[in-house]
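Worksheet: the structure to be examined is printed underneath.
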Amino acid sequence: MSRPTRVAFVSLGCAKNLVDSEKMLGQLAEAGCHITADESQADVVVVNTCGFLSAARDEALETISGVVELKKTHRLRRVVVAGCLVQRDGESLLGQVDGVDALVGVNNREDVVRAVLAGGEKRRKRRQRADLHLGDYYPRVDDDTARLRITPRHYAYLRIGEGCDQKCTFCTIPSIRGPMHCKPPQAIVAEARELVSDGAVEINLIGQDTTSYGLDIGYEPGLAGLLRQLDSVDGISWLRLMYAYPSIFSDEMIDAMADCERVVKYVDLPLQHVNDRVLKAMHRRVDRASTERLLERIRQRIPGVSMRTTMIVGFPGETDAEFDELVEFVRAFKFDALGVFAYSLEPDTPAGRMKGQLPDDVKEQRVEALMLAQQEVAFSLADGRVGQTLDVLVEGPPQEGLVPARHQGQAPEVDSVTWLETRGSAAGQLEEDALAPGSLVAVRCTGRRDYDLTAVPTTLALPVIR
């Protein structure tokens with residue numbers, strides 16, 4: 001028998017892309033491929049790309065070029081490029097990087113095994129045409145089961161829908177990921193149970209627009225109904241909602257988040273801006289007044305809620321006064337976490353054709369100014385947590401005597417963390433497995449390390465909700 005094909009995998013981009021990577025890895029493993037983390041020992045490398053922003057595209061092209069170089073000095077014989085950048089640029093991507101052997105668009109994820117195994121053991125001749133797996137979009141529901149997960153065992157991402165119908169003027173998602181199409185609720189519940197059986201105690205719900213869940217499939221209870229269904233799944237300790245869209249965040253959704261025991265009191269609500277003229281130019285379907293009313297309702301009806309948002313600065317035509325309004329809003333509202341993006345000009349979007357495009361140095365100055373304003377807020381909020389008792393989820397093994405963990409207001413990968421001090425604390429009396437990744441522990445906050453918190457355990461590991 002010939003030896004299995006060794007495949008290394010590089011996953012770039014957001015959590016939605018990561019789910020695609022995990023699914024493709026599962027398909028490759030089921031096809032008999034040997035998955036390796038060492039690219040220098042691989043026969044084939046798959047690069048799953050992001051194409052959303054210019055910086056992400058630059059990173060993808062640099063990564064692909066680096067992988068192709070391995071063909072010259074290592075056993076690597078085939079490079080497969082997949083994902084959003086492929087869907088965005090299609091066959092023209094081959095002219096940007098020489099040496100790619102196959103392209104797999106996001107709508108052709110099921111073809112990854114064919115793309116990897118094509119050509120047998122023979123090296124592809126330089127002039128031979130690359131294999132193309134590129135298809136147009138059509139409404140469908142992806143099956144994300146049987147994944148080979150990249151995330152730590154104790155948490156997982158669960159995609160509830162794909163694509164977006166919001167048509168923000170700066171965004172390329174509809175052209176890359178297509179229109180909104182949701183999974184049926186029973187499929188999502190089944191996937192959640194599979195992830196729990198694989199060791200996940202925290203499930204993070206994702207999609208380009210999670211608050212529109214169910215509209216395309218006629219599921220009347222919508223996101224609120226889905227949250228209530230998932231709240232009954234045994235084995236989930238924390239259920240987190242990501243990527244909520246502000247214009248359709250209903251009172252029923254707020255009530256479900258407040259009522260459901262397993263749903264953490266955390267709202268990820270990308271606002272992008274607060275000035276009325278800029279919001280209209282972005283086609284966000286909200287204004288400042290409606291945004292403030294929504295934020296107030298969330299804080300009133302979900303006591304103790306943590307709120308995260310993202311903002312875009314340097315949008316075409318953004319004046320100094322409009323930017324100052326955004327900065328003052330951020331200072332006044334005091335978001336628990338905030339990310340800032342410099343506007344990225346995408347030529348095929350309405351915003352890319354707008355007048356008043358700002359120079360890069362102005363955009364970068366505004367990114368820094370807004371992040372400094374948020375830093376003051378974040379440091380003050382963190383200082384205010386000192387002395388509070390929190391439940392945290394242990395993230396990993398000790399690092400220089402500190403154990404990384406997260407409280408409910410800290411989402412994986414995008415937010416700060418809580419460092420547990422184990423020396424000279426109650427943790428010294430805990431059994432070793434009490435601080436194993438995935439354990440829930442009650443702690444007392446003792447201080448701050450920049451954006452992160454420090455804490456000491458106060459009890460043994462908490463029982464996982466069953």
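FYI, nothing fancy with the structure tokens labels: chains A, B, ... in order, residues from 1 per chain, ligands from 1 as they appear.
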* To do: May I have all residues of range 227-465 of chain A that DSSP, computed from the backbone, assigns to strand (DSSP E or B), given as a ChimeraX atom specification?
  => /A:238-241,263-268,272,306-313,337-342,389-394,399,402-407,418-421,440-449,452-462
* To do: Rank A:Leu205, A:Val263, A:Met282, A:Leu25 by their smallest atom-to-atom distance to Cys168 in chain A, using only C-alpha atoms, and report the top residue only.
  =>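 Ranked by minimum distance to Cys168 in chain A, first place goes to A:Met282.
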* **range 58-72 of chain A environment, 7 Å, only C-alpha atoms, sequence neighbours closer than 3 positions dropped, as an MDAnalysis selection string** => chainID A and resid 47 49:50 54:55 75:77 79 97 99
Mind dumping the selected residues with C-alpha atoms as a PDB file, in the first residue's frame?
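selection39.pdb was written with the following content:
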ATOM      1  CA  VAL A  47      -3.965  27.637   2.754  1.00  0.00           C
ATOM      2  CA  THR A  49      -7.524  32.483   2.993  1.00  0.00           C
ATOM      3  CA  CYS A  50      -9.349  35.621   4.096  1.00  0.00           C
ATOM      4  CA  SER A  54      -6.666  44.631   2.002  1.00  0.00           C
ATOM      5  CA  ALA A  55      -4.471  43.790   5.007  1.00  0.00           C
ATOM      6  CA  ARG A  75       9.189  17.361  -0.094  1.00  0.00           C
ATOM      7  CA  LEU A  76       6.216  19.618  -0.800  1.00  0.00           C
ATOM      8  CA  ARG A  77       4.741  18.865  -4.231  1.00  0.00           C
ATOM      9  CA  VAL A  79      -0.115  23.872  -2.865  1.00  0.00           C
ATOM     10  CA  VAL A  97       1.320  34.047  -6.986  1.00  0.00           C
ATOM     11  CA  GLY A  99       3.237  27.939  -8.131  1.00  0.00           C
TER      12      GLY A  99
END
* **Selection near Glu91 in chain A, 10 Å with only C-alpha atoms, sequence-local residues under 6 positions removed, as a PyMOL selection string** => chain A and resi 102-103+130-134
Keeping only N, CA and C atoms, write the selected residues as a CSV table (one decimal), in the first residue's frame.
chain,number,residue,atom,x,y,z
A,102,ALA,N,-3.9,24.4,-7.1
A,102,ALA,CA,-5.4,24.2,-7.1
A,102,ALA,C,-6.0,25.4,-6.4
A,103,LEU,N,-7.2,25.8,-6.8
A,103,LEU,CA,-8.0,26.8,-6.2
A,103,LEU,C,-9.3,26.2,-5.8
A,130,ALA,N,-3.5,25.0,-13.3
A,130,ALA,CA,-4.0,24.6,-12.0
A,130,ALA,C,-5.4,24.1,-12.0
A,131,ASP,N,-5.7,23.2,-11.1
A,131,ASP,CA,-7.1,22.7,-10.9
A,131,ASP,C,-8.0,23.8,-10.3
A,132,LEU,N,-9.1,24.0,-10.9
A,132,LEU,CA,-10.0,25.0,-10.5
A,132,LEU,C,-11.3,24.4,-9.9
A,133,HIS,N,-11.6,24.8,-8.7
A,133,HIS,CA,-12.9,24.4,-8.1
A,133,HIS,C,-13.6,25.6,-7.7
A,134,LEU,N,-14.3,26.3,-8.6
A,134,LEU,CA,-14.9,27.6,-8.4
A,134,LEU,C,-16.3,27.5,-8.9
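Every protein or nucleic acid residue with an atom no more than 6 Å from range 335-348 of chain A, counting only C-alpha atoms and leaving out same-chain residues fewer than 6 positions away, appears here: A:Ser306, A:Met307, A:Arg308, A:Thr309, A:Thr310, A:Met311, A:Ile312, A:Val313, A:Gly314, A:Phe315, A:Lys363.
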* **Neighbour list for Arg331 in chain A as number ranges by chain, cut-off 9 Å, only C-alpha atoms, skip fewer than 3 positions in-chain** => A: 326-328, 334-335, 373-374, 376-377
* Can you tell me, as a list in words, what residues are no more than 6 Å from range 452-456 of chain A when counting only C-alpha atoms, ignoring any on the same chain fewer than 4 positions away? ->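 In the requested format, the answer is Ser416, Val417, Thr418, Trp419, Leu420, Glu421, Val443, Arg444, Cys445, Thr446, Gly447 and Arg448 of chain A.
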Take the selection from the previous step and output its residues with C-alpha atoms, as a compact mmCIF listing (two decimals), in the first residue's frame.
# COMPACT_ATOMS: atom_id res chain seq x y z
CA SER A 416 -8.60 40.13 27.13
CA VAL A 417 -7.98 37.25 29.56
CA THR A 418 -7.87 36.65 33.32
CA TRP A 419 -4.58 35.35 34.79
CA LEU A 420 -4.94 33.12 37.82
CA GLU A 421 -2.20 33.49 40.41
CA VAL A 443 -12.01 33.48 41.56
CA ARG A 444 -11.52 36.85 43.22
CA CYS A 445 -10.10 39.62 41.05
CA THR A 446 -6.90 41.05 42.51
CA GLY A 447 -5.69 43.50 39.89
CA ARG A 448 -4.99 44.40 36.28
* Step one, run DSSP on the backbone; step two, keep only residues of range 86-169 of chain A assigned to alpha helix (DSSP H); then write them as a PyMOL selection string. => chain A and resi 86-89+112-117
* Using only C-alpha atoms, which of the listed residues (A:Leu148, A:Ala37, A:Leu435, A:Ile173) sits closest to Gln87 in chain A? -> A:Ile173
